[in-house]
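See below for target_30.csv, which holds CSV, C-alpha atoms and all ligand atoms.
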```csv
chain,number,residue,atom,x,y,z
B,1,MET,CA,95.4,95.8,25.1
B,2,ASN,CA,94.6,99.3,23.9
B,3,PRO,CA,97.5,101.2,22.2
B,4,ALA,CA,98.0,103.5,25.2
B,5,ASP,CA,98.5,100.5,27.5
B,6,PHE,CA,100.8,98.9,25.0
B,7,TYR,CA,103.1,101.9,24.7
B,8,ARG,CA,103.1,102.5,28.5
B,9,ARG,CA,105.1,99.3,28.8
B,10,PHE,CA,108.0,101.1,27.1
B,11,GLU,CA,108.1,104.2,29.1
B,12,LEU,CA,111.7,104.8,30.5
B,13,ASP,CA,112.5,105.0,34.1
B,14,ASP,CA,114.4,108.3,34.3
B,15,SER,CA,114.8,108.3,38.0
B,16,ILE,CA,118.6,108.1,37.8
B,17,VAL,CA,118.8,111.0,35.3
B,18,ARG,CA,116.5,113.1,37.6
B,19,GLU,CA,118.5,112.3,40.7
B,20,THR,CA,121.9,112.9,39.2
B,21,GLY,CA,120.9,115.6,36.7
B,22,PHE,CA,123.0,113.9,34.0
B,23,ASN,CA,122.5,111.4,31.2
B,24,PRO,CA,125.8,110.2,29.8
B,25,TYR,CA,124.2,108.1,27.1
B,26,TYR,CA,123.7,109.2,23.5
B,27,CYS,CA,125.6,112.4,23.9
B,28,SER,CA,126.0,113.9,20.4
B,29,ILE,CA,129.6,114.2,19.2
B,30,GLN,CA,130.2,116.9,16.6
B,31,SER,CA,133.8,116.0,15.5
B,32,GLY,CA,135.7,112.9,14.5
B,33,LEU,CA,137.7,111.0,17.1
B,34,SER,CA,140.6,113.4,17.0
B,35,ASP,CA,142.0,114.9,20.2
B,36,PRO,CA,140.1,116.8,21.6
B,37,VAL,CA,136.6,115.7,20.5
B,38,ARG,CA,133.8,118.2,20.3
B,39,VAL,CA,130.6,117.8,22.3
B,40,ASP,CA,127.9,120.4,22.6
B,41,GLY,CA,130.2,123.0,21.0
B,42,ARG,CA,133.0,122.3,23.7
B,43,ASP,CA,136.2,120.4,23.6
B,44,PHE,CA,136.5,117.1,25.6
B,45,VAL,CA,139.2,114.5,26.2
B,46,ASP,CA,138.0,111.2,24.9
B,47,LEU,CA,138.5,108.4,27.4
B,48,ALA,CA,135.2,106.8,26.3
B,49,SER,CA,135.7,105.4,22.9
B,50,ASN,CA,137.4,102.1,22.1
B,51,ASN,CA,139.9,103.9,19.9
B,52,TYR,CA,142.8,102.2,21.7
B,53,LEU,CA,145.4,102.9,19.1
B,54,GLY,CA,144.1,106.3,18.2
B,55,LEU,CA,143.8,105.4,14.5
B,56,ALA,CA,140.1,106.2,13.9
B,57,ALA,CA,141.1,109.7,12.6
B,58,ASP,CA,144.6,108.9,11.4
B,59,PRO,CA,145.2,110.5,8.1
B,60,ARG,CA,146.5,107.3,6.5
B,61,VAL,CA,143.3,105.5,7.5
B,62,ILE,CA,141.1,108.3,6.3
B,63,CYS,CA,142.9,108.3,3.0
B,64,ALA,CA,142.4,104.6,2.6
B,65,VAL,CA,138.7,104.8,3.3
B,66,ALA,CA,138.2,107.9,1.1
B,67,GLY,CA,140.2,106.3,-1.7
B,68,ALA,CA,138.0,103.2,-1.7
B,69,VAL,CA,134.8,105.4,-1.6
B,70,GLU,CA,136.2,107.3,-4.6
B,71,ARG,CA,137.0,104.2,-6.6
B,72,TYR,CA,134.0,102.0,-5.6
B,73,GLY,CA,131.3,104.2,-4.2
B,74,ALA,CA,129.5,104.1,-0.9
B,75,SER,CA,128.3,100.5,-0.9
B,76,MET,CA,128.1,97.3,-2.9
B,77,CYS,CA,124.3,97.1,-2.0
B,78,GLY,CA,124.4,93.4,-1.6
B,79,THR,CA,125.1,90.6,0.8
B,80,PRO,CA,128.5,88.9,0.8
B,81,ILE,CA,127.1,85.9,-1.1
B,82,ALA,CA,125.9,88.2,-3.9
B,83,THR,CA,127.3,91.6,-5.0
B,84,GLY,CA,128.7,92.4,-1.5
B,85,CYS,CA,131.7,90.2,-2.3
B,86,HIS,CA,134.0,92.8,-3.7
B,87,GLU,CA,137.5,91.5,-4.3
B,88,LEU,CA,138.5,93.7,-1.3
B,89,TYR,CA,136.3,91.5,0.8
B,90,ARG,CA,138.1,88.3,0.2
B,91,ASN,CA,141.5,90.1,0.3
B,92,LEU,CA,140.7,91.4,3.8
B,93,GLU,CA,139.5,88.1,5.0
B,94,ARG,CA,142.8,86.5,4.0
B,95,LYS,CA,144.7,89.3,5.5
B,96,LEU,CA,142.8,89.0,8.8
B,97,ALA,CA,143.3,85.2,8.9
B,98,ALA,CA,147.1,85.6,8.3
B,99,PHE,CA,147.2,88.4,11.0
B,100,LEU,CA,145.6,86.1,13.5
B,101,GLY,CA,147.5,82.9,12.4
B,102,LEU,CA,144.2,81.1,11.6
B,103,GLU,CA,143.2,79.1,8.5
B,104,ASP,CA,140.4,81.3,7.3
B,105,ALA,CA,138.1,84.2,8.3
B,106,VAL,CA,134.8,85.7,7.3
B,107,ILE,CA,133.6,89.3,7.8
B,108,LEU,CA,130.1,90.2,9.1
B,109,PRO,CA,128.6,93.7,9.6
B,110,SER,CA,129.4,93.7,13.3
B,111,ALA,CA,130.8,91.5,16.0
B,112,TYR,CA,127.5,91.6,17.7
B,113,GLN,CA,126.1,89.9,14.6
B,114,ALA,CA,129.1,87.5,14.5
B,115,ASN,CA,128.5,86.4,18.1
B,116,ASN,CA,124.8,86.1,17.5
B,117,ALA,CA,125.4,84.0,14.4
B,118,VAL,CA,128.1,81.6,15.4
B,119,PHE,CA,126.3,79.5,18.1
B,120,GLY,CA,123.2,78.8,16.0
B,121,VAL,CA,125.5,77.3,13.4
B,122,VAL,CA,128.0,75.3,15.5
B,123,ALA,CA,125.7,74.2,18.4
B,124,GLY,CA,122.5,72.2,18.7
B,125,LYS,CA,120.1,70.9,21.3
B,126,GLU,CA,122.3,68.0,22.4
B,127,ASP,CA,125.2,70.3,23.2
B,128,VAL,CA,126.1,72.5,26.2
B,129,ILE,CA,127.6,75.9,26.3
B,130,LEU,CA,129.8,76.9,29.3
B,131,ILE,CA,130.1,80.7,29.3
B,132,ASP,CA,132.0,83.1,31.5
B,133,HIS,CA,129.5,84.8,33.9
B,134,PHE,CA,130.7,88.3,32.7
B,135,ALA,CA,130.5,87.5,28.9
B,136,HIS,CA,129.2,90.2,26.6
B,137,SER,CA,125.5,90.5,25.8
B,138,SER,CA,126.1,89.4,22.2
B,139,LEU,CA,127.7,86.1,23.3
B,140,VAL,CA,124.8,85.5,25.8
B,141,GLN,CA,122.1,86.2,23.2
B,142,GLY,CA,123.9,84.1,20.6
B,143,ALA,CA,124.3,81.2,23.1
B,144,ARG,CA,120.6,81.4,23.9
B,145,ALA,CA,119.7,81.2,20.2
B,146,ALA,CA,121.4,77.8,19.9
B,147,GLY,CA,118.6,76.4,22.1
B,148,CYS,CA,120.9,74.1,24.1
B,149,ARG,CA,121.9,74.0,27.8
B,150,ILE,CA,123.9,76.9,29.0
B,151,ARG,CA,126.1,76.7,32.2
B,152,PRO,CA,127.8,80.0,33.3
B,153,PHE,CA,131.1,79.7,35.1
B,154,LEU,CA,132.6,82.2,37.6
B,155,HIS,CA,134.4,85.0,35.9
B,156,ASN,CA,137.9,84.0,34.9
B,157,ASP,CA,137.8,81.0,37.2
B,158,PRO,CA,139.4,77.9,35.6
B,159,ASP,CA,138.8,75.8,38.7
B,160,HIS,CA,135.0,76.4,38.5
B,161,LEU,CA,135.1,75.8,34.8
B,162,ARG,CA,136.9,72.5,35.4
B,163,SER,CA,134.4,71.4,38.0
B,164,ILE,CA,131.6,71.9,35.5
B,165,LEU,CA,133.4,70.2,32.7
B,166,GLY,CA,134.2,67.2,34.9
B,167,LYS,CA,130.5,66.7,35.7
B,168,LEU,CA,129.1,66.9,32.2
B,169,LYS,CA,127.1,63.8,31.1
B,170,ASP,CA,125.2,62.9,27.9
B,171,VAL,CA,126.6,65.8,25.9
B,172,ARG,CA,127.3,65.6,22.2
B,173,GLN,CA,129.7,68.7,22.2
B,174,ALA,CA,130.7,71.1,24.9
B,175,PHE,CA,131.7,74.7,24.1
B,176,VAL,CA,133.6,77.0,26.4
B,177,VAL,CA,132.9,80.7,25.7
B,178,THR,CA,134.8,83.6,27.0
B,179,GLU,CA,136.2,87.1,26.1
B,180,SER,CA,139.9,87.8,25.9
B,181,VAL,CA,139.8,91.3,27.4
B,182,PHE,CA,136.7,91.9,29.5
B,183,SER,CA,135.9,95.4,28.6
B,184,THR,CA,134.0,96.5,31.7
B,185,GLU,CA,136.8,95.2,33.9
B,186,GLY,CA,140.0,95.4,32.0
B,187,SER,CA,140.8,91.8,33.1
B,188,ILE,CA,142.2,89.2,30.7
B,189,ALA,CA,140.9,85.7,30.6
B,190,PRO,CA,143.3,82.9,31.6
B,191,PHE,CA,143.0,81.6,28.1
B,192,ARG,CA,145.9,79.2,28.0
B,193,ASP,CA,144.5,77.4,31.0
B,194,ILE,CA,141.1,77.4,29.3
B,195,ILE,CA,142.5,75.9,26.1
B,196,GLU,CA,144.3,73.2,27.9
B,197,MET,CA,141.1,72.3,29.7
B,198,CYS,CA,139.2,72.2,26.4
B,199,ILE,CA,141.8,69.8,25.0
B,200,GLU,CA,141.5,67.6,28.1
B,201,TYR,CA,137.7,67.5,28.0
B,202,ARG,CA,137.4,67.7,24.2
B,203,ALA,CA,135.5,70.9,24.4
B,204,ILE,CA,135.6,73.6,21.7
B,205,PRO,CA,136.8,77.0,22.8
B,206,ILE,CA,135.0,80.1,21.5
B,207,ILE,CA,136.8,83.3,22.1
B,208,ASP,CA,135.6,86.9,21.6
B,209,ASP,CA,138.7,89.0,21.1
B,210,SER,CA,137.0,92.3,20.4
B,211,HIS,CA,139.0,94.2,23.0
B,212,GLY,CA,142.2,92.2,22.4
B,213,ILE,CA,142.8,92.4,18.7
B,214,GLY,CA,145.2,95.2,18.0
B,215,VAL,CA,145.5,95.8,21.7
B,216,ILE,CA,147.3,92.9,23.5
B,217,GLY,CA,150.1,90.6,22.4
B,218,MET,CA,153.7,91.4,21.5
B,219,ARG,CA,152.7,92.5,18.0
B,220,GLY,CA,149.1,93.6,18.7
B,221,GLY,CA,147.9,90.3,17.3
B,222,GLY,CA,145.3,89.8,20.1
B,223,VAL,CA,144.7,87.0,22.6
B,224,LEU,CA,146.5,84.3,20.6
B,225,ASP,CA,149.6,86.5,20.2
B,226,HIS,CA,149.4,87.5,23.9
B,227,PHE,CA,149.4,83.9,25.1
B,228,ASP,CA,151.7,82.7,22.3
B,229,ILE,CA,149.1,80.1,21.2
B,230,ALA,CA,149.9,78.4,17.9
B,231,GLY,CA,147.4,76.0,16.1
B,232,PHE,CA,144.3,77.4,17.9
B,233,ASP,CA,141.6,74.8,17.3
B,234,GLY,CA,138.4,76.7,18.2
B,235,VAL,CA,136.2,79.6,17.0
B,236,TYR,CA,137.5,83.1,17.1
B,237,THR,CA,135.4,86.3,16.9
B,238,ALA,CA,136.4,90.0,17.1
B,239,SER,CA,135.1,93.4,16.4
B,240,LEU,CA,136.7,95.5,13.6
B,241,GLY,CA,135.2,98.6,15.3
B,242,LYS,CA,137.5,99.0,18.3
B,243,ALA,CA,141.3,99.1,18.0
B,244,LEU,CA,140.9,98.3,14.3
B,245,ALA,CA,139.0,101.6,14.1
B,246,ASN,CA,136.4,100.9,11.5
B,247,SER,CA,133.3,98.6,11.8
B,248,GLY,CA,132.4,95.0,11.2
B,249,GLY,CA,133.0,91.7,12.9
B,250,VAL,CA,135.2,88.7,12.0
B,251,ILE,CA,134.7,85.0,12.7
B,252,ALA,CA,137.9,83.0,12.1
B,253,GLY,CA,139.1,79.4,12.6
B,254,ARG,CA,139.4,76.2,10.6
B,255,LYS,CA,138.7,76.6,6.9
B,256,VAL,CA,136.0,73.8,6.9
B,257,LEU,CA,134.0,75.8,9.4
B,258,ILE,CA,134.4,79.2,7.8
B,259,ASP,CA,133.4,77.8,4.4
B,260,HIS,CA,130.3,76.3,6.0
B,261,LEU,CA,129.4,79.7,7.5
B,262,ARG,CA,129.8,81.2,4.0
B,263,TYR,CA,126.8,79.1,2.9
B,264,TYR,CA,124.8,78.4,6.1
B,265,CYS,CA,125.1,81.4,8.4
B,266,PRO,CA,122.0,83.5,8.0
B,267,HIS,CA,123.5,86.6,9.7
B,268,LEU,CA,126.1,86.7,7.0
B,269,ILE,CA,124.2,85.6,3.9
B,270,TYR,CA,121.2,87.8,4.5
B,271,SER,CA,122.8,91.0,5.6
B,272,THR,CA,124.4,93.7,3.4
B,273,ALA,CA,128.2,93.4,3.3
B,274,VAL,CA,130.5,96.0,5.0
B,275,THR,CA,131.4,98.7,2.5
B,276,PRO,CA,134.6,99.0,0.4
B,277,GLY,CA,135.6,102.0,2.5
B,278,THR,CA,135.4,99.9,5.7
B,279,LEU,CA,137.4,97.1,4.1
B,280,GLU,CA,140.2,99.4,3.0
B,281,GLY,CA,140.1,101.2,6.4
B,282,VAL,CA,140.6,97.9,8.3
B,283,GLY,CA,143.4,96.9,5.8
B,284,ALA,CA,145.2,100.2,6.5
B,285,VAL,CA,145.0,99.8,10.3
B,286,LEU,CA,146.4,96.2,10.0
B,287,GLY,CA,149.3,97.6,8.0
B,288,ILE,CA,150.0,100.3,10.6
B,289,ILE,CA,149.8,97.7,13.4
B,290,GLU,CA,152.2,95.4,11.6
B,291,THR,CA,154.8,98.1,11.3
B,292,GLU,CA,154.2,100.4,14.2
B,293,PHE,CA,152.7,98.5,17.1
B,294,ASP,CA,155.9,98.6,19.2
B,295,ARG,CA,155.6,102.4,19.4
B,296,ILE,CA,151.8,102.9,19.4
B,297,GLY,CA,151.2,100.0,21.8
B,298,ALA,CA,153.9,101.4,24.2
B,299,ARG,CA,152.2,104.8,24.1
B,300,MET,CA,148.8,103.3,24.8
B,301,ARG,CA,150.1,101.4,27.8
B,302,GLU,CA,152.0,104.4,29.1
B,303,ASN,CA,148.8,106.5,29.0
B,304,ARG,CA,147.0,103.8,31.0
B,305,ASP,CA,149.7,103.6,33.6
B,306,ARG,CA,149.8,107.4,34.1
B,307,ILE,CA,146.1,107.6,34.5
B,308,ARG,CA,146.0,104.5,36.8
B,309,HIS,CA,148.6,106.0,39.0
B,310,ALA,CA,146.6,109.3,39.3
B,311,LEU,CA,143.4,107.4,40.1
B,312,THR,CA,144.9,105.1,42.7
B,313,SER,CA,146.8,108.0,44.3
B,314,ALA,CA,143.5,109.8,44.6
B,315,GLY,CA,141.9,106.9,46.4
B,316,PHE,CA,139.9,105.3,43.6
B,317,ALA,CA,139.6,101.5,43.5
B,318,VAL,CA,140.8,100.5,40.1
B,319,ILE,CA,140.4,96.9,39.0
B,320,PRO,CA,143.9,95.4,38.5
B,321,GLY,CA,144.5,94.1,35.0
B,322,ASP,CA,147.0,94.1,32.1
B,323,ALA,CA,144.7,95.5,29.5
B,324,PRO,CA,144.9,99.2,28.6
B,325,ILE,CA,141.7,99.9,30.4
B,326,ASN,CA,141.2,101.7,33.8
B,327,SER,CA,138.0,100.5,35.3
B,328,ILE,CA,136.9,102.2,38.6
B,329,GLU,CA,134.7,100.3,41.0
B,330,ALA,CA,132.2,103.2,41.3
B,331,GLY,CA,129.4,101.7,43.5
B,332,ASN,CA,125.7,101.8,42.8
B,333,SER,CA,124.1,103.3,39.7
B,334,ILE,CA,123.7,106.8,41.2
B,335,ARG,CA,127.3,107.0,42.4
B,336,THR,CA,128.5,105.7,39.0
B,337,ILE,CA,126.6,108.3,37.0
B,338,ARG,CA,127.6,111.0,39.4
B,339,LEU,CA,131.2,110.1,38.9
B,340,ALA,CA,130.8,110.2,35.1
B,341,LYS,CA,129.2,113.6,35.6
B,342,ALA,CA,132.1,114.8,37.6
B,343,PHE,CA,134.5,113.8,34.8
B,344,PHE,CA,132.1,115.3,32.2
B,345,GLU,CA,132.2,118.6,34.1
B,346,GLU,CA,136.0,118.5,33.8
B,347,ARG,CA,135.4,118.0,30.0
B,348,ILE,CA,136.4,114.3,30.1
B,349,LEU,CA,134.3,111.7,28.4
B,350,THR,CA,134.1,108.3,30.2
B,351,THR,CA,131.9,105.2,30.0
B,352,PRO,CA,129.7,104.4,33.0
B,353,PHE,CA,128.4,100.8,33.2
B,354,ILE,CA,125.4,100.3,35.5
B,355,HIS,CA,123.0,97.5,36.1
B,356,PRO,CA,122.1,95.4,34.0
B,357,SER,CA,125.4,95.8,32.1
B,358,VAL,CA,127.1,94.9,35.5
B,359,PRO,CA,125.8,93.3,38.7
B,360,LEU,CA,123.5,95.5,40.8
B,361,ASP,CA,125.3,98.1,42.9
B,362,ASP,CA,128.6,97.2,41.3
B,363,GLY,CA,128.9,100.0,38.7
B,364,ARG,CA,132.1,100.6,36.8
B,365,LEU,CA,133.5,103.8,35.2
B,366,ARG,CA,135.7,102.8,32.3
B,367,LEU,CA,138.6,105.0,31.0
B,368,ILE,CA,140.4,104.1,27.8
B,369,ALA,CA,143.2,106.5,26.9
B,370,GLY,CA,144.0,106.1,23.2
B,371,ALA,CA,147.6,106.2,22.0
B,372,HIS,CA,146.9,109.5,20.1
B,373,LEU,CA,146.1,111.6,23.2
B,374,SER,CA,148.3,114.7,23.4
B,375,GLU,CA,150.3,115.6,26.5
B,376,GLN,CA,148.0,118.5,27.1
B,377,SER,CA,144.9,116.2,27.1
B,378,LEU,CA,146.7,113.8,29.5
B,379,ARG,CA,147.6,116.7,31.8
B,380,THR,CA,143.9,117.8,31.8
B,381,VAL,CA,143.0,114.3,33.0
B,382,LEU,CA,145.8,114.0,35.5
B,383,GLU,CA,145.1,117.4,37.0
B,384,ALA,CA,141.3,116.8,37.2
B,385,ILE,CA,141.4,113.4,38.9
B,386,PRO,CA,142.3,114.7,42.5
B,387,ARG,CA,139.5,117.3,42.2
B,388,ILE,CA,137.0,114.7,41.0
B,389,ALA,CA,138.1,112.3,43.8
B,390,ARG,CA,137.5,115.0,46.5
B,391,GLN,CA,134.0,115.6,45.2
B,392,TYR,CA,133.2,111.9,44.9
B,393,PHE,CA,134.5,110.9,48.3
B,394,ALA,CA,132.9,113.9,50.0
B,395,ALA,CA,129.5,113.0,48.6
B,396,ALA,CA,130.0,109.4,49.9
B,397,GLY,CA,130.3,110.9,53.4
Z,1,LIG,C1,133.2,91.9,24.0
Z,1,LIG,C2,132.4,92.5,22.9
Z,1,LIG,N1,132.0,91.7,21.9
Z,1,LIG,C3,131.3,92.2,20.9
Z,1,LIG,C4,131.0,93.5,20.8
Z,1,LIG,C5,130.2,94.0,19.6
Z,1,LIG,O1,131.1,94.6,18.7
Z,1,LIG,P1,130.5,95.4,17.4
Z,1,LIG,O2,130.5,96.8,17.9
Z,1,LIG,O3,131.5,95.1,16.3
Z,1,LIG,O4,129.2,94.8,17.1
Z,1,LIG,C6,131.4,94.4,21.8
Z,1,LIG,C7,131.1,95.8,21.6
Z,1,LIG,O5,130.7,96.5,22.6
Z,1,LIG,C8,132.2,93.9,22.8
Z,1,LIG,O6,132.6,94.7,23.8
```
Let's see the structure in the file written out as structure tokens.
Amino acid sequence: MNPADFYRRFELDDSIVRETGFNPYYCSIQSGLSDPVRVDGRDFVDLASNNYLGLAADPRVICAVAGAVERYGASMCGTPIATGCHELYRNLERKLAAFLGLEDAVILPSAYQANNAVFGVVAGKEDVILIDHFAHSSLVQGARAAGCRIRPFLHNDPDHLRSILGKLKDVRQAFVVTESVFSTEGSIAPFRDIIEMCIEYRAIPIIDDSHGIGVIGMRGGGVLDHFDIAGFDGVYTASLGKALANSGGVIAGRKVLIDHLRYYCPHLIYSTAVTPGTLEGVGAVLGIIETEFDRIGARMRENRDRIRHALTSAGFAVIPGDAPINSIEAGNSIRTIRLAKAFFEERILTTPFIHPSVPLDDGRLRLIAGAHLSEQSLRTVLEAIPRIARQYFAAAG
């Protein structure tokens, strides 16, 4: 193949951008995640980021990050098995394990990496992975890397899961993989049922709590807190870059497994450790959650309810769910991007999901209203929604 033909394979299909006159992806933000955020020199209300608790630009978190940078510099320039293992690293791992109520935890550079890593270590060719049909790309890619059989089950459908578990034969170990909060939908997995089924069929549950940690549960402890699950005997992963407002990923569970990962997980051992600033930043957020989640969590849920009420009153189909996410069923890719554009023109940032992130013609527009949003920002959103709805439904004919 000559180079021209080689590179032609990568040319982007920009038909949606041409038809809608809008590209919502990679827009360049010029401020921190304060309220409002600055885009292209203009102020916007941020309903797009995963800054659920509004702590990304909280002065206490900034101070913790800046203090660590001043004391220890920008990076430890090493993987966790080498110089990356600053004492802050182990301290935060212990803190996270205690926060989750699990025996031990290990921190990776991202949850994507954590999810890619975990299956290759725990699963082999003789095993089978049962995975929710809507599971995040990182879980799907990770499961594929294990090289074993993969059986998807219908989204949040324990009956379908049971029917698959009941038919398994010649399997060394079955794993059941799901997310806690499905971020495109705002739905929460029936995790108690899933765990009970795992116990019955001796399967190991693997849960990605990226959108649950710091978000759901009485004390913001995530999925295990939400379902009041003690003694969880599976594998837990989560992102430190959403409600925890920094970056990184965690794998937690039994100490024997976590210690094994410390020596045999390539994604951990061969990748530069998260920085001291990040470690202190996550520590500061955990401290705030421990003391203030009642107030901050209530505010986050109130913001969701007010926006949900405005959306449904204006005629939008919002997926029901308990998570602080409003996800609009927006139709095909063109309609979804047009809807994102209508919000953008009202100076509101949202997240459109189109195929292949969601099934074809089943686009979603996701709105997450962080706890830090001002009354003025919320009013901007609430007042804009009926105007956007008129435009959207008129275009639908
Ligand atoms: C469910 C889920 N898992 C994992 C990730 C990856 O998290 P991180 O950004 O820490 O890599 C995401 C982020 O989009 C996510 O939504």
Taking all atoms listed in the file into account, list the residues no farther than 10 Å from ligand LIG 1 (chain Z), as a PyMOL selection string. chain B and resi 50+108-116+134-139+178-184+207-212+237-242+246-250
Written file, previous selection with C-alpha atoms, as an mmCIF file, in the coordinates of the input:
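File written: out-v4.cif
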```cif
data_model
loop_
_atom_site.group_PDB
_atom_site.id
_atom_site.type_symbol
_atom_site.label_atom_id
_atom_site.label_comp_id
_atom_site.auth_asym_id
_atom_site.auth_seq_id
_atom_site.Cartn_x
_atom_site.Cartn_y
_atom_site.Cartn_z
ATOM 1 C CA ASN B 50 137.400 102.100 22.100
ATOM 2 C CA LEU B 108 130.100 90.200 9.100
ATOM 3 C CA PRO B 109 128.600 93.700 9.600
ATOM 4 C CA SER B 110 129.400 93.700 13.300
ATOM 5 C CA ALA B 111 130.800 91.500 16.000
ATOM 6 C CA TYR B 112 127.500 91.600 17.700
ATOM 7 C CA GLN B 113 126.100 89.900 14.600
ATOM 8 C CA ALA B 114 129.100 87.500 14.500
ATOM 9 C CA ASN B 115 128.500 86.400 18.100
ATOM 10 C CA ASN B 116 124.800 86.100 17.500
ATOM 11 C CA PHE B 134 130.700 88.300 32.700
ATOM 12 C CA ALA B 135 130.500 87.500 28.900
ATOM 13 C CA HIS B 136 129.200 90.200 26.600
ATOM 14 C CA SER B 137 125.500 90.500 25.800
ATOM 15 C CA SER B 138 126.100 89.400 22.200
ATOM 16 C CA LEU B 139 127.700 86.100 23.300
ATOM 17 C CA THR B 178 134.800 83.600 27.000
ATOM 18 C CA GLU B 179 136.200 87.100 26.100
ATOM 19 C CA SER B 180 139.900 87.800 25.900
ATOM 20 C CA VAL B 181 139.800 91.300 27.400
ATOM 21 C CA PHE B 182 136.700 91.900 29.500
ATOM 22 C CA SER B 183 135.900 95.400 28.600
ATOM 23 C CA THR B 184 134.000 96.500 31.700
ATOM 24 C CA ILE B 207 136.800 83.300 22.100
ATOM 25 C CA ASP B 208 135.600 86.900 21.600
ATOM 26 C CA ASP B 209 138.700 89.000 21.100
ATOM 27 C CA SER B 210 137.000 92.300 20.400
ATOM 28 C CA HIS B 211 139.000 94.200 23.000
ATOM 29 C CA GLY B 212 142.200 92.200 22.400
ATOM 30 C CA THR B 237 135.400 86.300 16.900
ATOM 31 C CA ALA B 238 136.400 90.000 17.100
ATOM 32 C CA SER B 239 135.100 93.400 16.400
ATOM 33 C CA LEU B 240 136.700 95.500 13.600
ATOM 34 C CA GLY B 241 135.200 98.600 15.300
ATOM 35 C CA LYS B 242 137.500 99.000 18.300
ATOM 36 C CA ASN B 246 136.400 100.900 11.500
ATOM 37 C CA SER B 247 133.300 98.600 11.800
ATOM 38 C CA GLY B 248 132.400 95.000 11.200
ATOM 39 C CA GLY B 249 133.000 91.700 12.900
ATOM 40 C CA VAL B 250 135.200 88.700 12.000
#
```
In Å, how far is it from atom CA of Tyr26 of chain B to atom CA of Ala48 of chain B? 12.1 Å
Each residue of segment 44-131 of chain B with at least one atom at most 8 Å from segment 256-266 of chain B should appear once, together with its nearest atom pair and the corresponding distance in Å (one decimal); atoms considered: all atoms listed in the file; ordering: chain, then increasing residue number; output as a Markdown table.
```
| residue | atom | partner | partner_atom | distance |
| --- | --- | --- | --- | --- |
| B:Ile81 | CA | B:Arg262 | CA | 7.4 |
| B:Asp104 | CA | B:Ile258 | CA | 6.4 |
| B:Ala105 | CA | B:Ile258 | CA | 6.2 |
| B:Val106 | CA | B:Ile258 | CA | 6.5 |
| B:Ala117 | CA | B:Cys265 | CA | 6.5 |
| B:Val118 | CA | B:Cys265 | CA | 7.6 |
| B:Val121 | CA | B:Cys265 | CA | 6.5 |
```
Please, which residues are within 12 Å of (127.1, 90.1, -3.5) by the file's coordinates, counting all atoms listed in the file, and could they come as a count of residues only? 24
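Going from atom CA of Asp14 of chain B to atom CA of Ile334 of chain B covers 11.7 Å.
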Selected residue of minimal separation from Arg387 of chain B among B:Phe353, B:Phe22, B:Tyr7, B:Phe343, counting only C-alpha atoms: B:Phe343
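Atom CA of Gly321 of chain B sits 22.8 Å away from atom CA of Val45 of chain B.
For segment 307-311 of chain B, the set of protein, DNA and RNA residues having any atom at most 7 Å away, when counting only C-alpha atoms and skipping those fewer than 6 positions along the same chain, is Asn326, Leu382 and Ile385 of chain B.
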Which protein, DNA or RNA residues have an atom at most 12 Å from (136.9, 111.2, 47.5), counting all atoms listed in the file? List them as a PyMOL selection string. chain B and resi 311-317+330+335+339+342+385-397
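Distances to His372 of chain B were evaluated for B:Glu302, B:Asp35, B:Glu126, B:Asp5 using all atoms listed in the file, and the minimum falls at B:Asp35.
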Shell of 12 Å around Asp43 of chain B, all atoms listed in the file, local chain residues under 4 positions omitted, as an MDAnalysis selection string: chainID B and resid 29:39 344:349 377 380
Just want the 7 Å neighbourhood of Thr336 of chain B, counted on all atoms listed in the file, with same-chain residues fewer than 2 positions away dropped. Output as a PDB file with C-alpha atoms, in the coordinates of the input.
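Okay, part-v1.pdb is ready:
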```
ATOM      1  CA  ALA B 330     132.200 103.200  41.300  1.00  0.00           C
ATOM      2  CA  GLY B 331     129.400 101.700  43.500  1.00  0.00           C
ATOM      3  CA  ASN B 332     125.700 101.800  42.800  1.00  0.00           C
ATOM      4  CA  SER B 333     124.100 103.300  39.700  1.00  0.00           C
ATOM      5  CA  ILE B 334     123.700 106.800  41.200  1.00  0.00           C
ATOM      6  CA  ARG B 338     127.600 111.000  39.400  1.00  0.00           C
ATOM      7  CA  LEU B 339     131.200 110.100  38.900  1.00  0.00           C
ATOM      8  CA  ALA B 340     130.800 110.200  35.100  1.00  0.00           C
ATOM      9  CA  PRO B 352     129.700 104.400  33.000  1.00  0.00           C
ATOM     10  CA  GLY B 363     128.900 100.000  38.700  1.00  0.00           C
ATOM     11  CA  ARG B 364     132.100 100.600  36.800  1.00  0.00           C
ATOM     12  CA  LEU B 365     133.500 103.800  35.200  1.00  0.00           C
TER      13      LEU B 365
END
```
Judged by all atoms listed in the file, the minimum distance to Arg301 of chain B among B:Val122, B:Leu88, B:Leu53, B:Ile194 is found for B:Leu53
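Using all atoms listed in the file, the smallest distance between any of B:Ile354, B:Leu55, B:Ala189, B:Pro205 and Glu292 of chain B comes from B:Leu55.
Of the listed residues (B:Gly73, B:Gly41, B:Gly234, B:Gly370), B:Gly370 comes nearest to Gly54 of chain B; the distances count only C-alpha atoms.
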For Ala97 of chain B, list every protein, DNA or RNA residue within 10 Å, evaluated using all atoms listed in the file, and leave out those in the same chain fewer than 3 positions away; present the list as an MDAnalysis selection string. chainID B and resid 92:94 100:106 250:255
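In terms of minimum interatomic distance to Ser187 of chain B, B:Pro324 ranks closest within B:Pro324, B:Leu154, B:Asp170, B:Pro59, counting only C-alpha atoms.
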